[in-house]
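File shown: run-v8.cif (mmCIF, C-alpha atoms and all ligand atoms).
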data_start
loop_
_atom_site.label_atom_id
_atom_site.label_comp_id
_atom_site.auth_asym_id
_atom_site.auth_seq_id
_atom_site.Cartn_x
_atom_site.Cartn_y
_atom_site.Cartn_z
CA MET A 536 283.10 12.71 -27.53
CA GLN A 537 282.15 10.04 -25.04
CA ALA A 538 278.40 9.67 -25.35
CA HIS A 539 278.15 6.61 -23.18
CA PRO A 540 279.71 6.33 -19.75
CA PRO A 541 281.83 3.30 -18.90
CA GLY A 542 279.87 0.33 -17.62
CA HIS A 543 280.99 0.73 -14.04
CA LEU A 544 279.40 4.18 -14.01
CA ALA A 545 276.04 3.17 -15.52
CA ASN A 546 274.27 2.89 -12.21
CA ILE A 547 275.77 6.12 -10.98
CA VAL A 548 274.78 7.99 -14.13
CA GLU A 549 271.26 6.70 -13.76
CA ALA A 550 271.19 7.91 -10.21
CA LEU A 551 272.57 11.32 -11.21
CA ASP A 552 269.93 11.73 -13.93
CA ALA A 553 267.24 11.17 -11.33
CA LEU A 554 268.56 14.05 -9.17
CA GLN A 555 266.67 17.33 -8.83
CA CYS A 556 269.95 19.22 -8.88
CA GLY A 557 272.59 19.50 -11.56
CA ALA A 558 275.43 17.00 -11.42
CA VAL A 559 278.53 16.29 -13.50
CA LEU A 560 281.28 13.72 -13.39
CA LEU A 561 284.75 14.76 -14.43
CA ASP A 562 288.09 13.06 -14.39
CA ARG A 563 291.53 14.28 -13.39
CA ASN A 564 291.96 15.87 -16.85
CA ALA A 565 288.79 17.91 -16.43
CA VAL A 566 286.99 15.83 -19.01
CA LEU A 567 283.24 15.85 -18.44
CA ILE A 568 282.36 12.17 -18.22
CA HIS A 569 278.72 12.90 -17.59
CA VAL A 570 276.37 15.87 -17.35
CA ASN A 571 272.94 15.07 -15.93
CA ARG A 572 269.60 16.18 -17.34
CA ARG A 573 268.92 18.80 -14.73
CA MET A 574 272.32 20.36 -15.41
CA GLY A 575 271.42 20.61 -19.08
CA GLU A 576 268.14 22.30 -18.17
CA MET A 577 269.89 24.75 -15.89
CA LEU A 578 272.43 25.70 -18.55
CA ARG A 579 269.84 25.52 -21.31
CA VAL A 580 272.08 23.18 -23.34
CA ASP A 581 271.89 19.59 -24.41
CA PRO A 582 274.02 17.57 -21.98
CA LYS A 583 275.35 15.53 -24.89
CA ASP A 584 277.05 18.66 -26.24
CA LEU A 585 279.10 18.89 -23.07
CA ILE A 586 279.98 15.29 -22.36
CA GLY A 587 283.54 14.48 -23.42
CA ARG A 588 284.67 18.12 -23.40
CA ASP A 589 287.34 19.62 -21.17
CA ALA A 590 285.29 21.49 -18.58
CA ARG A 591 287.82 24.36 -18.52
CA THR A 592 287.19 25.05 -22.19
CA VAL A 593 283.42 25.20 -21.96
CA TRP A 594 283.49 28.75 -20.48
CA PRO A 595 287.15 29.72 -20.94
CA LYS A 596 286.60 33.43 -20.25
CA HIS A 597 284.24 33.06 -17.33
CA ARG A 598 285.45 32.99 -13.77
CA ILE A 599 283.91 29.52 -13.35
CA ALA A 600 286.92 28.26 -15.35
CA ARG A 601 289.16 29.29 -12.46
CA THR A 602 286.88 27.45 -10.02
CA ILE A 603 287.14 24.31 -12.16
CA THR A 604 290.94 24.61 -12.32
CA GLU A 605 291.10 25.05 -8.56
CA GLY A 606 288.86 21.98 -8.13
CA LEU A 607 291.24 19.92 -10.29
CA ARG A 608 294.28 21.09 -8.32
CA ARG A 609 292.62 19.94 -5.11
CA PHE A 610 291.05 16.89 -6.71
CA GLU A 611 290.88 14.80 -3.53
CA GLU A 612 289.32 17.46 -1.30
CA ASP A 613 285.63 17.83 -0.52
CA ARG A 614 284.80 21.38 -1.54
CA GLU A 615 281.69 23.50 -1.41
CA GLY A 616 280.92 27.07 -2.37
CA GLU A 617 278.79 29.52 -4.28
CA ALA A 618 279.37 30.50 -7.89
CA THR A 619 277.57 31.72 -10.97
CA LEU A 620 277.26 29.93 -14.26
CA PRO A 621 276.98 31.80 -17.55
CA LEU A 622 273.71 31.37 -19.41
CA PRO A 623 272.98 32.11 -23.05
CA GLY A 624 272.20 35.78 -23.56
CA GLY A 625 274.79 36.94 -21.01
CA LYS A 626 272.72 36.07 -17.95
CA GLU A 627 274.21 34.50 -14.87
CA LEU A 628 272.80 31.65 -12.83
CA PRO A 629 273.63 31.72 -9.13
CA VAL A 630 274.46 28.21 -7.85
CA THR A 631 276.03 26.31 -5.00
CA VAL A 632 278.74 23.92 -6.07
CA ALA A 633 279.78 20.86 -4.05
CA GLY A 634 282.55 18.56 -5.31
CA ARG A 635 284.09 15.39 -3.95
CA LEU A 636 285.62 12.12 -5.13
CA LEU A 637 283.15 9.60 -6.39
CA GLY A 638 284.74 6.90 -4.24
CA PRO A 639 287.83 6.14 -2.19
CA ALA A 640 289.38 3.61 -4.57
CA PRO A 641 290.06 3.41 -8.29
CA PRO A 642 288.42 3.82 -10.66
CA PHE A 643 286.08 5.96 -8.57
CA SER A 644 288.93 7.85 -6.90
CA ASP A 645 289.86 9.25 -10.32
CA ILE A 646 286.44 10.77 -10.83
CA ARG A 647 284.99 13.80 -9.17
CA VAL A 648 281.27 14.22 -8.77
CA VAL A 649 280.15 17.80 -8.68
CA THR A 650 276.58 18.72 -7.80
CA ILE A 651 275.27 22.11 -8.74
CA MET A 652 272.17 23.59 -7.11
CA ASP A 653 270.24 26.43 -8.70
CA ILE A 654 269.85 29.05 -5.96
CA SER A 655 268.40 31.79 -8.14
CA GLN A 656 265.11 31.56 -6.25
CA ARG A 657 266.92 31.86 -2.94
CA VAL A 658 268.98 34.76 -4.29
CA LEU A 659 265.79 36.40 -5.49
CA ALA A 660 264.26 35.83 -2.06
CA ASP A 661 267.43 37.22 -0.46
CA GLU A 662 267.25 40.29 -2.68
CA LEU A 663 263.60 40.68 -1.87
CA LEU A 664 264.45 40.39 1.78
CA ARG A 665 267.28 42.92 1.37
CA ASP A 666 264.90 45.27 -0.44
CA GLN A 667 262.36 44.86 2.30
CA HIS A 668 265.05 45.42 4.88
CA ARG A 669 266.10 48.60 3.06
CA GLU A 670 262.46 49.72 2.95
CA VAL A 671 262.02 48.99 6.65
CA SER A 672 265.28 50.85 7.37
CA LYS A 673 264.09 53.82 5.32
CA LEU A 674 260.73 53.68 7.03
CA SER A 675 262.29 53.49 10.47
CA ASP A 676 264.60 56.38 9.51
CA THR A 677 261.51 58.33 8.51
CA MET A 678 259.82 57.38 11.76
CA VAL A 679 262.86 58.43 13.76
CA GLU A 680 262.86 61.73 11.86
CA MET A 681 259.15 62.13 12.53
CA ALA A 682 259.64 61.33 16.20
CA ILE A 683 262.45 63.90 16.41
CA GLU A 684 260.29 66.46 14.61
CA LEU A 685 257.41 65.69 17.00
CA LYS A 686 259.70 66.09 19.97
CA HIS A 687 260.93 69.45 18.64
CA HIS A 688 257.36 70.48 17.96
CA SER A 689 256.27 69.61 21.48
CA GLU A 690 259.31 71.44 22.87
CA ARG A 691 258.36 74.52 20.86
CA LEU A 692 254.79 74.22 22.15
CA GLU A 693 256.00 73.86 25.73
CA GLN A 694 258.22 76.89 25.23
CA ARG A 695 255.23 78.89 23.94
CA VAL A 696 253.09 77.74 26.86
CA ARG A 697 255.89 78.81 29.21
CA GLU A 698 256.09 82.18 27.48
CA ARG A 699 252.32 82.66 27.60
CA THR A 700 252.23 81.63 31.26
CA ARG A 701 255.05 84.08 31.99
CA GLU A 702 253.21 86.82 30.08
CA LEU A 703 250.01 86.10 32.01
CA HIS A 704 251.92 86.12 35.28
CA ASP A 705 253.60 89.39 34.32
CA ALA A 706 250.23 90.88 33.35
CA ASN A 707 248.80 89.77 36.70
CA MET A 708 251.76 91.28 38.50
CA ASP A 709 251.37 94.54 36.57
CA ALA A 710 247.71 94.66 37.60
CA ILE A 711 248.67 93.95 41.21
CA TYR A 712 251.32 96.69 41.22
CA MET A 713 248.93 99.17 39.60
CA LEU A 714 246.27 98.42 42.18
CA ALA A 715 248.78 98.65 45.02
CA VAL A 716 250.30 101.84 43.74
CA ALA A 717 246.85 103.35 43.18
CA SER A 718 245.98 102.75 46.83
CA GLU A 719 249.41 103.74 48.12
CA ALA A 720 249.51 106.90 45.98
CA ARG A 721 246.73 108.31 48.12
CA ASP A 722 248.95 107.72 51.13
CA ALA A 723 252.18 109.58 51.81
CA ASP A 724 254.42 106.87 50.40
CA THR A 725 255.31 105.87 46.86
CA GLY A 726 255.06 102.59 44.96
CA ALA A 727 258.59 101.66 45.98
CA HIS A 728 257.25 100.79 49.43
CA VAL A 729 255.16 97.89 48.11
CA ARG A 730 258.07 96.46 46.17
CA ARG A 731 260.24 96.54 49.28
CA ILE A 732 257.48 94.81 51.27
CA GLN A 733 257.34 92.17 48.52
CA HIS A 734 261.08 91.63 48.76
CA TYR A 735 261.26 91.49 52.57
CA SER A 736 258.24 89.18 52.85
CA ALA A 737 259.55 86.72 50.25
CA GLN A 738 262.98 86.71 51.90
CA LEU A 739 261.48 86.11 55.35
CA ALA A 740 259.40 83.24 53.95
CA ARG A 741 262.50 81.71 52.33
CA GLY A 742 264.40 82.23 55.56
CA LEU A 743 261.70 80.25 57.34
CA GLY A 744 262.39 77.39 54.93
CA LEU A 745 259.26 77.69 52.80
CA PRO A 746 259.59 76.42 49.21
CA ASP A 747 260.65 79.07 46.73
CA ARG A 748 257.30 79.13 44.90
CA GLU A 749 255.42 79.64 48.15
CA ALA A 750 257.83 82.35 49.28
CA GLU A 751 257.41 84.11 45.96
CA LYS A 752 253.61 83.90 46.28
CA ILE A 753 253.71 85.42 49.77
CA GLY A 754 255.95 88.12 48.28
CA TYR A 755 253.55 89.21 45.57
CA SER A 756 250.54 88.77 47.83
CA ALA A 757 252.20 91.17 50.27
CA ILE A 758 252.11 93.89 47.61
CA LEU A 759 248.38 94.28 48.18
CA HIS A 760 248.45 94.43 51.99
CA ASP A 761 247.19 98.04 52.10
CA VAL A 762 244.92 97.91 49.06
CA GLY A 763 241.96 98.59 51.40
CA LYS A 764 243.22 102.15 51.88
CA ILE A 765 241.37 102.94 48.67
CA ALA A 766 238.22 102.81 50.82
CA VAL A 767 239.57 105.23 53.47
CA PRO A 768 238.42 108.84 53.01
CA ASP A 769 241.15 111.25 51.87
CA ASP A 770 240.76 113.60 54.84
CA ILE A 771 241.70 110.74 57.17
CA LEU A 772 244.29 109.11 54.96
CA LYS A 773 246.13 112.35 54.25
CA LYS A 774 245.63 114.02 57.65
CA ALA A 775 248.92 115.56 58.81
CA GLY A 776 248.17 115.53 62.53
CA PRO A 777 247.27 112.69 64.88
CA LEU A 778 244.00 110.88 64.23
CA THR A 779 241.00 110.95 66.58
CA ASP A 780 239.75 107.64 67.93
CA GLU A 781 236.95 107.76 65.43
CA GLU A 782 239.33 108.49 62.57
CA ARG A 783 241.67 105.76 63.80
CA ALA A 784 238.79 103.27 63.78
CA GLU A 785 237.94 104.35 60.23
CA MET A 786 241.59 103.99 59.19
CA ASN A 787 241.80 100.52 60.70
CA LYS A 788 238.97 99.39 58.47
CA HIS A 789 241.44 99.30 55.54
CA THR A 790 242.23 95.74 56.64
CA LEU A 791 238.65 94.55 56.19
CA ALA A 792 238.15 96.66 53.07
CA GLY A 793 241.27 95.11 51.54
CA GLU A 794 240.02 91.60 52.18
CA GLN A 795 236.71 92.51 50.51
CA ILE A 796 238.31 94.17 47.51
CA LEU A 797 240.41 91.13 46.69
CA SER A 798 238.56 88.56 44.63
CA ASP A 799 237.81 85.10 45.96
CA LYS A 800 240.10 83.51 43.36
CA SER A 801 242.65 81.15 44.92
CA PHE A 802 245.37 83.32 43.39
CA PHE A 803 244.49 85.92 46.05
CA ASP A 804 244.14 83.53 49.04
CA ASP A 805 247.33 84.75 50.72
CA ALA A 806 246.64 88.33 49.70
CA ARG A 807 243.23 88.29 51.46
CA LYS A 808 244.74 86.82 54.64
CA ILE A 809 247.51 89.40 54.53
CA ALA A 810 245.15 92.32 53.90
CA ARG A 811 243.02 91.37 56.88
CA GLY A 812 245.76 90.19 59.23
CA HIS A 813 248.77 92.44 58.66
CA HIS A 814 247.97 94.63 61.70
CA GLU A 815 247.40 91.72 64.07
CA ASN A 816 249.95 91.51 66.88
CA TYR A 817 251.45 88.23 68.02
CA ASP A 818 250.20 88.86 71.57
CA GLY A 819 246.62 89.48 70.43
CA THR A 820 246.64 93.29 70.83
CA GLY A 821 246.31 94.08 67.12
CA TYR A 822 243.30 94.67 64.86
CA PRO A 823 240.79 93.98 63.34
CA ASP A 824 240.28 90.59 65.07
CA GLY A 825 242.71 90.64 67.99
CA ARG A 826 243.97 87.23 66.98
CA PHE A 827 247.20 85.99 68.48
CA LYS A 828 250.07 83.61 67.79
CA ASP A 829 249.34 80.87 65.25
CA ALA A 830 245.72 82.01 64.88
CA ILE A 831 247.18 84.81 62.75
CA PRO A 832 247.93 83.43 59.27
CA LEU A 833 251.67 82.98 58.73
CA ALA A 834 251.68 85.19 55.62
CA ALA A 835 250.09 87.99 57.67
CA ARG A 836 252.65 87.57 60.48
CA ILE A 837 255.42 87.81 57.89
CA VAL A 838 254.02 90.97 56.33
CA ARG A 839 253.43 92.48 59.78
CA LEU A 840 257.17 92.38 60.39
CA ALA A 841 258.12 93.42 56.86
CA ASP A 842 255.68 96.36 56.96
CA VAL A 843 256.91 97.69 60.31
CA TYR A 844 260.54 97.23 59.32
CA ASP A 845 260.01 99.24 56.14
CA ALA A 846 257.92 101.91 57.88
CA LEU A 847 260.67 102.47 60.48
CA ARG A 848 263.43 102.60 57.87
CA SER A 849 261.51 105.05 55.68
CA PRO A 850 261.04 108.78 56.32
CA ARG A 851 257.47 109.97 56.92
CA ILE A 852 255.96 113.47 57.15
CA TYR A 853 255.91 113.08 60.92
CA LYS A 854 259.31 111.29 61.37
CA PRO A 855 262.71 110.79 59.80
CA ALA A 856 263.92 107.33 58.74
CA TRP A 857 265.19 105.32 61.67
CA THR A 858 268.80 104.14 61.59
CA HIS A 859 269.57 100.53 60.83
CA ASP A 860 270.61 99.78 64.42
CA ASP A 861 267.55 101.46 66.00
CA THR A 862 265.26 99.60 63.61
CA VAL A 863 266.83 96.22 64.28
CA ARG A 864 266.63 96.86 68.03
CA ALA A 865 262.94 97.78 67.79
CA ILE A 866 262.17 94.60 65.85
CA ARG A 867 264.12 92.50 68.34
CA ASP A 868 262.22 94.16 71.20
CA GLY A 869 258.94 93.40 69.45
CA ALA A 870 259.53 89.62 69.49
CA GLY A 871 256.60 87.91 71.22
CA THR A 872 254.50 91.10 71.44
CA LEU A 873 254.18 92.62 67.98
CA PHE A 874 255.96 89.88 66.10
CA ASP A 875 256.23 86.10 65.89
CA PRO A 876 259.51 85.40 67.79
CA THR A 877 260.50 82.70 65.28
CA LEU A 878 260.19 85.26 62.50
CA VAL A 879 262.25 87.77 64.49
CA ARG A 880 265.03 85.18 64.77
CA VAL A 881 264.88 84.62 61.00
CA PHE A 882 264.86 88.40 60.47
CA LEU A 883 267.97 88.92 62.63
CA ARG A 884 269.79 86.10 60.83
CA LEU A 885 268.89 87.52 57.40
CA ILE A 886 270.01 90.99 58.51
CA THR A 887 273.34 89.59 59.74
CA GLU A 888 273.83 87.65 56.52
CA GLY A 889 272.86 90.67 54.41
CA GLN A 890 270.02 88.76 52.76
CA LEU A 891 267.28 91.26 53.53
CA ALA A 892 268.99 94.21 51.91
CA TRP A 893 266.90 96.06 49.35
CA PRO A 894 269.07 97.51 46.59
CA GLN A 895 267.71 101.08 47.01
CA GLN A 896 268.02 100.94 50.77
CA GLN A 897 271.58 99.65 50.44
CA ALA A 898 272.29 102.84 48.53
CA ASP A 899 270.66 104.97 51.29
CA SER A 900 272.33 103.39 54.29
FE FE B 1001 248.21 98.48 56.63
#
Could the structure of this file be written out as structure tokens, please?
Amino acid sequence: MQAHPPGHLANIVEALDALQCGAVLLDRNAVLIHVNRRMGEMLRVDPKDLIGRDARTVWPKHRIARTITEGLRRFEEDREGEATLPLPGGKELPVTVAGRLLGPAPPFSDIRVVTIMDISQRVLADELLRDQHREVSKLSDTMVEMAIELKHHSERLEQRVRERTRELHDANMDAIYMLAVASEARDADTGAHVRRIQHYSAQLARGLGLPDREAEKIGYSAILHDVGKIAVPDDILKKAGPLTDEERAEMNKHTLAGEQILSDKSFFDDARKIARGHHENYDGTGYPDGRFKDAIPLAARIVRLADVYDALRSPRIYKPAWTHDDTVRAIRDGAGTLFDPTLVRVFLRLITEGQLAWPQQQADS
């Protein structure tokens, strides 16, 4: 065992012992010429017990032996890497190992200096960092899951709101139909009339280029055009023969009565205009106000045409249903007098394209 280094190494040994990292000197036969103090502390051994030993035999079964062998094989090369050193009690010390020749010329070129840095703190910090990273990943996974769950929840809520809105709309429509049918039932016609008026009016509005929502609104508002007939006495409403002037005047009041019956909610805005204006003629000869052209609300002009079209095509006590051709001719002839000529053009186009057809009427004709 070589307890004292050769004289030419004394200064170097002194320098190595002052280092904060582990350091060893070994020769080409793997003999440990020196092991510094810090190295002894790291390995928890007395450096003197190692000096003079073949480094490969210190931990013969540990993989560090292979690293030492490899270092000897490439004795001249500067090498650097990470490794672990065995500690008493089976523990492992993570280290970085850097080896190079002590000098370029003999005797220093026959000695390798190997510095060993304890990186257990760094490894611990790395592990801590990895743990934190895993935690953050888990947390972000959880957050993603929560965000997805929230999104699903809000979609379910939206779906419920849509369903409720649809139910409310349907309930409103039911009420509208019931009201319309109740007023119509006192007349000669049935409830089917109002649904046809709804269809024709919505189609005419679409044909004019109105947005679908607006067209639909005009459609369901049209259902209530004759709701004011509730206020007309039965003996006038159901009279088989022609009406007297007085009775006619009373009958015509269904327009004003309809407007009054409908609430002032914005939902019924179009319906009120339609109820009041659906007997106005484009040339100003209609009732109750004798308005003409654009002074008549568009929705009322639309229903005027739809109402007459349906009345002509339907049988009444006092007349059979007109044929398709006769009806179309009458509407065309009414352009500019009874009806808005623009609407008549739209009507004729829809008729030609088959877009006005009502399923039940298709069956009749
Ligand atoms: Fe009417």
Residues near Arg864 in chain A, anyone? I mean within 12 Å using all atoms listed in the file, not counting same-chain ones fewer than 2 positions away, as a PDB file with C-alpha atoms, in the frame of the given file.
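In the end it all went to selection-v4.pdb:
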ATOM      1  CA  TYR A 844     260.540  97.230  59.320  1.00  0.00           C
ATOM      2  CA  LEU A 847     260.670 102.470  60.480  1.00  0.00           C
ATOM      3  CA  TRP A 857     265.190 105.320  61.670  1.00  0.00           C
ATOM      4  CA  THR A 858     268.800 104.140  61.590  1.00  0.00           C
ATOM      5  CA  HIS A 859     269.570 100.530  60.830  1.00  0.00           C
ATOM      6  CA  ASP A 860     270.610  99.780  64.420  1.00  0.00           C
ATOM      7  CA  ASP A 861     267.550 101.460  66.000  1.00  0.00           C
ATOM      8  CA  THR A 862     265.260  99.600  63.610  1.00  0.00           C
ATOM      9  CA  ILE A 866     262.170  94.600  65.850  1.00  0.00           C
ATOM     10  CA  ARG A 867     264.120  92.500  68.340  1.00  0.00           C
ATOM     11  CA  ASP A 868     262.220  94.160  71.200  1.00  0.00           C
ATOM     12  CA  GLY A 869     258.940  93.400  69.450  1.00  0.00           C
ATOM     13  CA  ALA A 870     259.530  89.620  69.490  1.00  0.00           C
ATOM     14  CA  VAL A 879     262.250  87.770  64.490  1.00  0.00           C
ATOM     15  CA  PHE A 882     264.860  88.400  60.470  1.00  0.00           C
ATOM     16  CA  LEU A 883     267.970  88.920  62.630  1.00  0.00           C
ATOM     17  CA  ILE A 886     270.010  90.990  58.510  1.00  0.00           C
TER      18      ILE A 886
END
| task | Just the residues within 7 Å of Ser655 in chain A, please, counting all atoms listed in the file, with nothing from its chain fewer than 2 positions along; format it as a list of chain:residue names. | result |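 Skipping anything fewer than 2 positions along the chain leaves A:Leu628, A:Pro629, A:Asp653, A:Arg657, A:Val658, A:Leu659.
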| request: Compile the contact shell of Arg807 in chain A as an MDAnalysis selection string: residues with an atom at most 8 Å away, counting all atoms listed in the file, same-chain residues fewer than 4 positions apart removed. | output: chainID A and resid 793:795 797 803 811
Each chain A residue no farther than 8 Å from ligand FE 1001 (chain B), nearest pair in Å, all atoms listed in the file, as a tab-separated table:
residue	atom	partner	partner_atom	distance
A:His760	CA	B:FE1001	FE	6.2
A:Asp761	CA	B:FE1001	FE	4.7
A:Lys764	CA	B:FE1001	FE	7.8
A:Asn787	CA	B:FE1001	FE	7.9
A:His789	CA	B:FE1001	FE	6.9
A:Thr790	CA	B:FE1001	FE	6.6
A:Ala810	CA	B:FE1001	FE	7.4
A:His813	CA	B:FE1001	FE	6.4
A:His814	CA	B:FE1001	FE	6.4
A:Asp842	CA	B:FE1001	FE	7.8
Just-selected residues, C-alpha atoms written as an mmCIF file, keeping the file's coordinate frame:
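Full text of again-v5.cif as output:
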data_model
loop_
_atom_site.group_PDB
_atom_site.id
_atom_site.type_symbol
_atom_site.label_atom_id
_atom_site.label_comp_id
_atom_site.auth_asym_id
_atom_site.auth_seq_id
_atom_site.Cartn_x
_atom_site.Cartn_y
_atom_site.Cartn_z
ATOM 1 C CA HIS A 760 248.450 94.430 51.990
ATOM 2 C CA ASP A 761 247.190 98.040 52.100
ATOM 3 C CA LYS A 764 243.220 102.150 51.880
ATOM 4 C CA ASN A 787 241.800 100.520 60.700
ATOM 5 C CA HIS A 789 241.440 99.300 55.540
ATOM 6 C CA THR A 790 242.230 95.740 56.640
ATOM 7 C CA ALA A 810 245.150 92.320 53.900
ATOM 8 C CA HIS A 813 248.770 92.440 58.660
ATOM 9 C CA HIS A 814 247.970 94.630 61.700
ATOM 10 C CA ASP A 842 255.680 96.360 56.960
#
| query | What is the CA of Gly587 in chain A to CA of Arg635 in chain A distance in Å? | reply |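 Separation between CA of Gly587 in chain A and CA of Arg635 in chain A: 19.5 Å.
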| In terms of the shortest atom-to-atom distance over all atoms listed in the file, which of A:Leu567, A:Pro621, A:Ser736, A:Cys556 is closest to Ile654 in chain A? | A:Cys556
| query | Counting all atoms listed in the file, what is within 10 Å of Leu607 in chain A, bar same-chain residues fewer than 3 positions away, as number ranges by chain? | reply | A: 561-565, 591, 601-604, 610-612, 647
| Atom-to-atom span, CA of Phe643 in chain A and CA of Lys596 in chain A, Å | 29.9 Å
